[in-house]
Structures are given as C-alpha cells and as structure tokens.
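Participant: Handing over coords01.txt, compact mmCIF, C-alpha atoms and all ligand atoms.
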# COMPACT_ATOMS: atom_id res chain seq x y z
CA MET A 1 0.00 0.00 0.00
CA ILE A 2 1.52 3.31 -1.14
CA THR A 3 0.50 6.48 0.69
CA LEU A 4 1.40 9.97 -0.44
CA GLY A 5 1.82 12.50 2.38
CA ILE A 6 1.58 16.27 1.98
CA GLU A 7 2.41 18.75 4.75
CA THR A 8 2.19 22.54 4.37
CA SER A 9 0.98 23.69 7.79
CA CYS A 10 3.73 26.21 8.45
CA ASP A 11 6.90 27.12 6.59
CA GLU A 12 8.06 23.74 5.32
CA THR A 13 6.68 22.34 2.09
CA ALA A 14 6.95 18.59 2.54
CA VAL A 15 6.01 15.58 0.44
CA ALA A 16 6.62 11.92 1.28
CA VAL A 17 5.84 8.51 -0.09
CA VAL A 18 5.41 5.78 2.51
CA GLU A 19 4.88 2.09 1.82
CA ASP A 20 2.78 -0.08 4.11
CA GLY A 21 2.50 2.67 6.69
CA PHE A 22 6.05 2.61 8.00
CA HIS A 23 8.54 2.21 5.19
CA VAL A 24 9.67 5.63 3.92
CA ARG A 25 10.35 5.54 0.17
CA ALA A 26 10.80 9.31 -0.22
CA ASN A 27 10.72 12.17 2.27
CA LEU A 28 11.40 15.62 0.80
CA ILE A 29 11.29 19.06 2.36
CA ALA A 30 11.59 22.50 0.78
CA ARG A 31 12.47 24.98 3.51
CA GLN A 32 11.61 28.65 3.32
CA GLU A 33 13.48 29.97 6.34
CA HIS A 34 15.45 32.38 4.16
CA LEU A 35 12.17 34.07 3.14
CA HIS A 36 11.06 34.70 6.73
CA GLU A 37 14.40 35.43 8.36
CA ARG A 38 14.33 39.18 7.82
CA PHE A 39 10.89 39.37 9.49
CA GLY A 40 12.08 37.39 12.52
CA GLY A 41 9.16 34.96 12.21
CA VAL A 42 6.95 33.13 9.72
CA VAL A 43 4.82 35.50 7.61
CA PRO A 44 1.64 33.55 6.71
CA GLU A 45 1.09 35.08 3.28
CA VAL A 46 4.72 34.61 2.28
CA ALA A 47 4.55 30.98 3.47
CA ALA A 48 1.43 30.22 1.43
CA ARG A 49 2.90 31.69 -1.75
CA ALA A 50 6.12 29.76 -1.29
CA HIS A 51 4.14 26.51 -0.86
CA VAL A 52 2.36 27.19 -4.17
CA GLU A 53 5.71 27.51 -5.91
CA ALA A 54 7.44 24.60 -4.23
CA LEU A 55 4.74 21.95 -4.09
CA ASN A 56 4.37 20.68 -7.66
CA PRO A 57 8.07 20.17 -8.39
CA LEU A 58 8.46 18.54 -4.97
CA LEU A 59 5.59 16.13 -5.69
CA ASP A 60 7.21 15.10 -8.98
CA GLN A 61 10.55 14.64 -7.30
CA ALA A 62 9.13 12.57 -4.42
CA LEU A 63 7.24 10.22 -6.75
CA HIS A 64 10.34 9.90 -8.91
CA GLU A 65 12.52 9.06 -5.91
CA ALA A 66 9.99 6.54 -4.66
CA GLY A 67 9.76 5.03 -8.14
CA VAL A 68 5.97 5.30 -8.30
CA GLY A 69 3.48 7.19 -10.47
CA PHE A 70 0.30 8.99 -9.41
CA ARG A 71 -1.67 5.93 -10.55
CA SER A 72 0.11 3.67 -8.03
CA LEU A 73 -1.12 5.66 -5.05
CA ASP A 74 -3.45 3.86 -2.64
CA GLY A 75 -4.09 6.90 -0.48
CA VAL A 76 -3.41 10.63 -0.17
CA ALA A 77 -2.80 11.96 3.34
CA VAL A 78 -2.69 15.68 4.00
CA THR A 79 -2.33 17.91 7.07
CA VAL A 80 -5.64 19.70 7.72
CA GLY A 81 -4.57 21.48 10.93
CA PRO A 82 -3.46 22.94 13.20
CA GLY A 83 -1.45 25.51 11.28
CA LEU A 84 -1.66 28.62 9.13
CA VAL A 85 -4.90 28.49 7.19
CA GLY A 86 -3.53 29.83 3.90
CA ALA A 87 -0.58 27.45 4.06
CA LEU A 88 -2.77 24.43 4.90
CA LEU A 89 -5.10 25.19 1.98
CA VAL A 90 -2.27 24.90 -0.54
CA GLY A 91 -1.45 21.32 0.48
CA MET A 92 -5.11 20.42 0.79
CA ALA A 93 -5.98 21.70 -2.70
CA ALA A 94 -3.18 19.58 -4.17
CA ALA A 95 -4.19 16.50 -2.17
CA LYS A 96 -7.82 16.83 -3.22
CA ALA A 97 -6.88 17.24 -6.88
CA ILE A 98 -4.68 14.13 -6.74
CA SER A 99 -7.37 12.14 -4.95
CA LEU A 100 -10.05 13.23 -7.39
CA SER A 101 -8.01 12.51 -10.49
CA THR A 102 -6.50 9.18 -9.40
CA GLY A 103 -9.33 7.78 -7.30
CA ALA A 104 -6.96 7.24 -4.35
CA PRO A 105 -8.87 7.98 -1.13
CA LEU A 106 -8.17 11.23 0.72
CA ILE A 107 -7.44 11.32 4.43
CA GLY A 108 -7.04 14.48 6.48
CA VAL A 109 -4.41 14.24 9.23
CA ASN A 110 -3.86 16.21 12.43
CA HIS A 111 -0.31 17.61 12.39
CA LEU A 112 0.14 16.92 16.11
CA GLU A 113 -0.76 13.26 15.72
CA GLY A 114 1.84 13.22 12.95
CA HIS A 115 4.53 14.38 15.39
CA VAL A 116 3.64 11.49 17.71
CA TRP A 117 3.65 8.97 14.84
CA ALA A 118 7.08 10.06 13.63
CA ASN A 119 8.30 7.72 16.36
CA PHE A 120 6.66 4.70 14.77
CA LEU A 121 8.49 5.29 11.49
CA ALA A 122 11.74 4.87 13.37
CA HIS A 123 10.90 2.37 16.10
CA GLY A 124 7.81 0.47 14.94
CA GLU A 125 4.54 0.78 16.79
CA PRO A 126 4.70 -0.19 20.46
CA ASP A 127 1.52 -1.28 22.19
CA PRO A 128 -0.41 1.59 23.81
CA PRO A 129 -0.94 3.13 26.28
CA TYR A 130 1.67 5.87 26.06
CA VAL A 131 2.24 9.40 27.19
CA ALA A 132 3.46 11.77 24.48
CA LEU A 133 5.20 15.12 24.87
CA VAL A 134 4.62 17.26 21.77
CA VAL A 135 6.90 20.29 21.69
CA SER A 136 7.05 22.39 18.56
CA GLY A 137 7.00 25.98 17.36
CA GLY A 138 3.26 26.18 17.98
CA HIS A 139 2.53 23.63 20.72
CA THR A 140 3.70 22.29 24.03
CA MET A 141 1.51 19.54 25.40
CA LEU A 142 1.43 16.30 27.29
CA VAL A 143 -1.01 13.76 25.93
CA HIS A 144 -2.17 10.41 27.25
CA ILE A 145 -2.85 7.94 24.43
CA PRO A 146 -4.80 5.01 25.89
CA GLU A 147 -5.30 3.43 22.46
CA VAL A 148 -4.28 4.27 18.92
CA HIS A 149 -5.88 7.53 17.63
CA ARG A 150 -7.38 8.41 21.02
CA HIS A 151 -5.96 11.38 22.90
CA GLU A 152 -6.44 12.90 26.30
CA VAL A 153 -4.59 16.17 26.74
CA LEU A 154 -3.07 16.17 30.23
CA GLY A 155 -1.54 19.62 30.15
CA GLN A 156 -0.29 22.32 27.85
CA THR A 157 1.37 25.67 27.73
CA LEU A 158 -0.60 28.60 29.06
CA ASP A 159 1.33 31.08 26.89
CA ASP A 160 4.26 30.53 24.49
CA ALA A 161 5.14 27.17 22.97
CA ALA A 162 8.59 25.76 23.77
CA GLY A 163 9.86 26.32 20.23
CA GLU A 164 8.56 29.87 20.34
CA ALA A 165 10.50 30.46 23.57
CA PHE A 166 13.66 29.08 21.96
CA ASP A 167 13.12 31.31 18.92
CA LYS A 168 12.44 34.44 20.99
CA VAL A 169 15.41 33.97 23.31
CA ALA A 170 17.63 33.15 20.33
CA ARG A 171 16.58 36.48 18.90
CA LEU A 172 17.52 38.26 22.15
CA LEU A 173 20.94 36.62 21.81
CA GLY A 174 21.23 37.74 18.18
CA LEU A 175 21.09 34.24 16.72
CA GLY A 176 18.66 34.73 13.80
CA PHE A 177 15.57 32.72 12.88
CA PRO A 178 14.59 30.01 13.55
CA GLY A 179 16.67 30.18 16.66
CA GLY A 180 16.18 26.74 18.23
CA PRO A 181 18.97 24.92 16.41
CA ALA A 182 21.41 27.86 16.77
CA LEU A 183 20.69 28.21 20.47
CA ASP A 184 21.14 24.45 20.93
CA ALA A 185 24.57 24.66 19.24
CA LEU A 186 25.66 27.70 21.27
CA ALA A 187 24.52 26.07 24.52
CA THR A 188 26.89 23.15 24.04
CA GLN A 189 29.73 25.61 24.78
CA GLY A 190 28.10 27.08 27.89
CA ASP A 191 27.55 26.18 31.54
CA PRO A 192 23.91 25.21 32.22
CA GLY A 193 24.39 26.16 35.87
CA ALA A 194 25.80 29.64 35.20
CA VAL A 195 22.54 31.56 35.64
CA ARG A 196 19.61 30.24 37.66
CA PHE A 197 16.58 31.15 35.53
CA PRO A 198 13.09 30.41 36.92
CA ARG A 199 11.57 26.94 36.42
CA ALA A 200 8.05 28.19 35.70
CA MET A 201 5.25 25.98 37.04
CA ALA A 202 7.68 23.26 38.07
CA ASP A 203 5.79 22.93 41.35
CA SER A 204 2.33 23.86 40.11
CA GLY A 205 1.08 20.35 40.80
CA ASP A 206 -0.48 20.07 37.36
CA LEU A 207 0.91 19.22 33.92
CA ASP A 208 0.65 22.68 32.37
CA PHE A 209 3.59 24.80 31.24
CA SER A 210 4.39 28.50 31.04
CA MET A 211 7.30 29.97 29.05
CA SER A 212 6.76 33.70 28.89
CA GLY A 213 8.22 34.43 32.34
CA LEU A 214 11.43 32.64 31.42
CA LYS A 215 11.82 34.72 28.28
CA THR A 216 11.31 37.89 30.33
CA ALA A 217 13.82 36.67 32.91
CA VAL A 218 16.45 36.25 30.19
CA LEU A 219 15.70 39.74 28.88
CA ARG A 220 15.98 41.26 32.39
CA TYR A 221 19.22 39.41 33.02
CA LEU A 222 20.78 40.66 29.78
CA ARG A 223 19.68 44.25 30.48
CA ALA A 224 20.96 44.19 34.07
CA GLU A 225 24.33 42.76 33.01
CA GLN A 226 24.67 45.31 30.24
CA ALA A 227 23.74 48.16 32.60
CA ALA A 228 26.40 46.94 35.03
CA GLU A 229 28.85 46.80 32.11
CA HIS A 230 29.56 43.13 32.71
CA VAL A 231 30.71 40.98 29.84
CA VAL A 232 27.90 38.51 29.19
CA SER A 233 28.76 34.96 28.19
CA LEU A 234 26.17 34.17 25.54
CA PRO A 235 26.90 30.42 25.62
CA ASP A 236 26.27 30.45 29.40
CA VAL A 237 22.97 32.31 28.98
CA ALA A 238 21.92 29.93 26.18
CA ALA A 239 22.82 26.83 28.21
CA SER A 240 21.13 28.17 31.36
CA PHE A 241 17.93 29.11 29.54
CA GLN A 242 17.82 25.74 27.80
CA GLU A 243 18.36 23.94 31.10
CA ALA A 244 15.41 25.76 32.68
CA ILE A 245 13.07 24.72 29.85
CA VAL A 246 14.38 21.17 29.71
CA ASP A 247 14.19 20.71 33.51
CA VAL A 248 10.47 21.43 33.58
CA GLN A 249 9.70 19.38 30.49
CA VAL A 250 11.55 16.35 31.76
CA ALA A 251 10.01 16.55 35.24
CA LYS A 252 6.46 16.98 33.96
CA THR A 253 6.79 14.24 31.35
CA VAL A 254 8.04 11.75 33.91
CA ALA A 255 5.26 12.87 36.29
CA ALA A 256 2.64 12.38 33.55
CA ALA A 257 3.89 8.86 32.80
CA LYS A 258 3.71 7.99 36.50
CA GLU A 259 0.30 9.56 36.92
CA ARG A 260 -1.09 7.51 34.03
CA ASP A 261 0.95 4.44 34.92
CA VAL A 262 2.41 3.99 31.44
CA ASP A 263 5.91 2.74 30.72
CA THR A 264 6.38 4.16 27.21
CA VAL A 265 6.89 7.85 26.47
CA LEU A 266 6.94 9.27 22.94
CA LEU A 267 8.57 12.62 22.21
CA GLY A 268 7.62 14.56 19.09
CA GLY A 269 7.95 17.97 17.45
CA GLY A 270 10.76 20.26 16.37
CA VAL A 271 12.04 20.95 19.88
CA VAL A 272 12.76 17.22 20.31
CA ALA A 273 15.68 17.87 17.96
CA ASN A 274 17.24 19.63 20.97
CA THR A 275 20.39 17.84 22.11
CA ARG A 276 19.95 18.55 25.80
CA LEU A 277 16.26 17.56 25.86
CA ARG A 278 17.08 14.21 24.22
CA GLU A 279 19.98 13.63 26.59
CA ARG A 280 18.10 14.50 29.78
CA MET A 281 14.91 12.67 28.77
CA ALA A 282 16.90 9.52 28.05
CA GLU A 283 18.73 9.78 31.41
CA GLU A 284 15.78 10.60 33.64
CA GLY A 285 13.50 8.26 31.75
CA ALA A 286 15.88 5.36 32.32
CA ARG A 287 16.09 6.31 36.00
CA ALA A 288 12.29 6.21 36.25
CA GLY A 289 12.11 2.87 34.44
CA LEU A 290 10.48 4.39 31.35
CA ARG A 291 11.01 3.55 27.72
CA ILE A 292 11.65 6.92 26.08
CA LEU A 293 11.32 7.04 22.29
CA PHE A 294 12.17 9.95 20.05
CA PRO A 295 12.40 10.20 16.28
CA PRO A 296 15.66 10.79 14.39
CA LEU A 297 16.35 14.50 13.86
CA GLU A 298 14.85 14.72 10.37
CA LEU A 299 11.56 13.30 11.63
CA CYS A 300 11.35 15.63 14.66
CA THR A 301 10.87 18.79 12.66
CA ASP A 302 7.98 19.10 10.22
CA ASN A 303 7.89 16.44 7.51
CA ALA A 304 5.32 14.62 5.41
CA ALA A 305 6.42 11.06 6.20
CA MET A 306 4.75 11.36 9.62
CA ILE A 307 1.55 12.59 7.94
CA ALA A 308 1.58 9.68 5.48
CA ALA A 309 2.11 7.24 8.37
CA VAL A 310 -0.95 8.48 10.28
CA GLY A 311 -2.94 8.62 7.05
CA ALA A 312 -2.06 5.04 6.12
CA ALA A 313 -3.15 3.80 9.54
CA ARG A 314 -6.44 5.69 9.39
CA LEU A 315 -7.14 4.55 5.82
CA GLY A 316 -6.38 1.01 6.97
CA ARG A 317 -9.18 1.36 9.53
CA GLY A 318 -11.56 2.33 6.75
CA GLU A 319 -11.56 6.05 7.47
CA ARG A 320 -11.91 8.48 4.54
CA SER A 321 -12.18 12.25 4.29
CA SER A 322 -14.59 13.80 1.86
CA LEU A 323 -13.35 16.15 -0.84
CA ASP A 324 -15.06 19.08 0.85
CA ILE A 325 -13.08 18.74 4.10
CA GLY A 326 -11.90 22.17 5.29
CA ALA A 327 -8.66 23.37 6.87
CA ASP A 328 -8.84 23.85 10.64
CA PRO A 329 -6.14 26.21 11.94
CA ASN A 330 -7.03 25.31 15.55
CA LEU A 331 -7.63 21.60 15.12
CA ARG A 332 -7.42 19.68 18.38
CA LEU A 333 -6.34 16.09 18.94
CA ALA A 334 -9.35 13.80 18.75
CA PRO A 335 -10.41 12.44 22.16
O1 LIG B 1 7.61 20.89 14.75
P1 LIG B 1 8.27 22.03 14.08
O2 LIG B 1 9.24 21.75 12.94
O3 LIG B 1 7.21 23.04 13.51
C1 LIG B 1 6.01 23.29 14.19
O4 LIG B 1 5.08 22.43 14.08
O5 LIG B 1 5.97 24.32 14.88
O6 LIG B 1 9.01 22.87 15.22
C2 LIG B 1 9.74 24.03 14.93
C3 LIG B 1 10.31 24.57 16.21
C4 LIG B 1 10.98 25.94 16.04
O7 LIG B 1 10.51 26.79 17.05
C5 LIG B 1 12.47 25.62 16.20
O8 LIG B 1 13.22 26.68 16.72
C6 LIG B 1 12.42 24.46 17.15
O9 LIG B 1 11.32 23.69 16.73
N1 LIG B 1 13.65 23.66 17.11
C7 LIG B 1 14.50 23.52 18.14
C8 LIG B 1 15.60 22.75 17.67
N2 LIG B 1 15.35 22.44 16.36
C9 LIG B 1 14.15 23.00 16.04
N3 LIG B 1 14.46 23.99 19.41
C10 LIG B 1 15.48 23.68 20.22
N4 LIG B 1 16.56 22.97 19.84
C11 LIG B 1 16.65 22.47 18.59
N5 LIG B 1 17.73 21.76 18.23
ZN ZN B 2 5.25 20.61 13.63
Give the structure from the file, written as structure tokens.
Ligand code: KG4
Ligand code: ZN
Facilitator:
Amino acid sequence: MITLGIETSCDETAVAVVEDGFHVRANLIARQEHLHERFGGVVPEVAARAHVEALNPLLDQALHEAGVGFRSLDGVAVTVGPGLVGALLVGMAAAKAISLSTGAPLIGVNHLEGHVWANFLAHGEPDPPYVALVVSGGHTMLVHIPEVHRHEVLGQTLDDAAGEAFDKVARLLGLGFPGGPALDALATQGDPGAVRFPRAMADSGDLDFSMSGLKTAVLRYLRAEQAAEHVVSLPDVAASFQEAIVDVQVAKTVAAAKERDVDTVLLGGGVVANTRLRERMAEEGARAGLRILFPPLELCTDNAAMIAAVGAARLGRGERSSLDIGADPNLRLAP
C-alpha cells in the first residue's frame, strides 16, 4: 500500500511517499526559512505563496525518488490542521486534486498526531498506552494515548510554545531565525548552571507549562548585566535558559507517565531535535524505568512522512475524508 503524504501547515513544504504505513520511500522538504528570516518569524502570506511555488516540483521529485506514479497511489494523506490556514489550503488543494483525479482515497491528518507517529516510522509501533510530549514551534503539550488515535490532553502551555520560547530567546541573543537549532549549538559551549533562571510551574502540581516568564527573565538578566557593564557569556545564557526549559519538560513528562501508569513515552515535534532535551529525557526516563522514544532528527521537525504514516493507519481502519473537508487552523487532537 503506497501512501502519499503532503504537509504545508507552516513554513516547510513537505512531500513523502510511505509504503505499508512505516517504510519511507521518499521524504522531501523545501524549507523557506530564508524568506522569513528578515521578518524574525513566519509571515503567513509569504509561506502560502512559497508553498504554491514549491509543491508541484516537490511532488514530482518525491514520486520519482519513490519510483511510483500517481496511478500507483493507494491513499493521499494531508495535514488539515493545526497551522496557518492559507498554508494548509495549498497542500489540501493539491491533495484533493490528486485524490479526485487518481481515485486514491483522501485522508485528512492532524499535524500533532503526525509528530507522535514520527516515532513509529523509526521504532515500529509499540503497544499503547503511552504518554506523548509534543513540543514544537506552535505547541507544548502532554497527551495520554490510551489506544491508537485516542488522545487525552493532560496539560499544555498557558502562553508561548517551547519552540517559540527558543526562537524568541535566540533572537535576544542575536542568533537569527529560527533560533532553536542555533541556540542548541551555542549552549553546548556554555555552563547550564551559570545563571539560575526560573523553572516556571515546576511545582504547580499540574501538567501545564508557562514559558513567557522565562523569556522575560532572560531579557531582564541581559539588560541588568549590560547596565552593570559586565561581559555577558552568551553560551552560558543559552545553556542556562535551555536547562530551565528542559528541567520542567523532563520533570512533567516523567510525572505524567507515572500519573497515568504507562511505561512508554513518545517525544515529538521540532524541539525534540534539541540535544539537551534528548539527553536529559533519556537519562531521567531510564532512572524512572520508562522507555523513552524519540524520532531521528529529520523526523522531529515538520515532515510529510509522519503525515503519510498516520494517514495510512487511518485509511487502513476504513476512514476516509470527503473532498469538501476544510482546513482547521485550531484543530485539536481527537479524544
Ligand atoms: O515541529 P516544528 O518543525 O514546527 C512546528 O510544528 O511548529 O518545530 C519548529 C520549532 C521551532 O521553534 C524551532 O526553533 C524548534 O522547533 N527547534 C529547536 C531545535 N530544532 C528545532 N528547538 C530547540 N533545539 C533544537 N535543536
Ligand atoms: Zn510541527
């Protein structure tokens, strides 16, 4: 069974071809960071236009790499939300056209479920239940998954997403956009204990997160040090900020797994590419007797292979989306 995956929810145009749900035959991404860099963030209209330009050649290339034609497709999976509405619509229009012209069934996929499923492409599908931590540019949430395709959100961020916090602090440190990877690299040269930034909501007793106070704390620290004419070590600030975020995420994820009595934890989303988060999750997870799974780097950040994987599973259960399905910028995980 050959499933085509299309993902255009934010600023990556991505197309993948996946065989039998888990075997990736092609996984291509056209990035547009260079278009958004000078604005310091993703500009929705610019993103949508860039998807229009990138998508058709990328589709041809992915099918070519996978060695299949449009007629060999058994299903077309596309991200329908959450994301930027104009960007989502570009991928959805293409997916609908392909479905209509080839007869391959269409299946709309939730981007967040895709981030969870990226793990299965790499590790196979363990038996549920699991707890998943989804940390991306737009989301930070802990989810209990009692059975496949069922989700119970245990907690989420009350303000900024983790990736957003990385990007904003990276900007304060003059690291460009998107800042997560640059901050990660800089932090490897710094001392995570150099500055004690607040661990927001670490002791809140629930599984929610808050990031905006941490960002403000970094800003205040930089201003105070500059006012005092101290030389600021940017690697130390980067490492200390990162440690504060990672501390809370690790503690809450382990707490969620204990609370729900699961032994498998899945990590997904762009921030899971973070070196320190992977390291600390693996350490603390092992200490707590948990099996911690995370995707390889290229499947952490946005990609279409994860969308095709979810789509293939849903099609396999007999699910179909109708051709008039709409984009949902605020789509939630199905309970
Ligand atoms: O999942 P993703 O590719 O897109 C969304 O669905 O939002 O996540 C992108 C986010 C960005 O905020 C980016 O800065 C962050 O993931 N990110 C990282 C790293 N790589 C990407 N954050 C921290 N460390 C990284 N190595
Ligand atoms: Zn994402």
Participant: Quick check, in Å to one decimal: how far apart do atom CA of A:Asp167 and atom CA of A:Arg199 lie?
Facilitator: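 Pair atom CA of A:Asp167 / atom CA of A:Arg199 returns 18.1 Å.
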Participant: Please identify every polymer residue within 9 Å of ligand LIG 1 (chain B), using all atoms listed in the file, and present the set as a VMD selection string.
Facilitator: chain A and resid 9 to 12 82 to 83 111 to 112 115 134 to 139 161 to 168 170 177 to 185 242 268 to 277 297 299 to 303
Participant: Neighbouring residues of stretch 226-238 of chain A were defined as those with any atom within 10 Å, considering all atoms listed in the file; residues of the same chain fewer than 4 positions away were excluded. Please report them as a list in words.
Facilitator: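 The residues satisfying every condition are Phe166, Val169, Ala170, Leu173, Gly174, Ala182, Leu183, Asp184, Ala185, Leu186, Ala187, Thr188, Gln189, Gly190, Asp191, Pro192, Gly193, Ala194, Val195, Arg196, Phe197, Val218, Arg220, Tyr221, Leu222, Gln242 and Glu243 of chain A.
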Participant: Could you list, as an NGL selection string, every residue within 12 Å of stretch 84-87 of chain A, counting only C-alpha atoms and ignoring same-chain residues fewer than 3 positions away?
Facilitator: :A and (6-14 or 42-55 or 78-81 or 90-94 or 111 or 138 or 326-331)
Participant: When you draw a straight line from atom CA of A:Arg320 to atom CA of A:Arg31, how long is it in Å?
Facilitator: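 Atom CA of A:Arg31 lies at a distance of 29.5 Å from atom CA of A:Arg320.
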Participant: Please measure the separation of atom CA of A:Gly124 and atom CA of A:Ser72, giving the value in Å to one decimal.
Facilitator: 24.4 Å
Participant: Pick the closest to ligand ZN 2 (chain B) from A:Leu58, A:Met211, A:Val116, A:Ile2: which is it, counting only C-alpha atoms and all ligand atoms?
Facilitator: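 Among the listed residues, A:Val116 lies closest to ligand ZN 2 (chain B).
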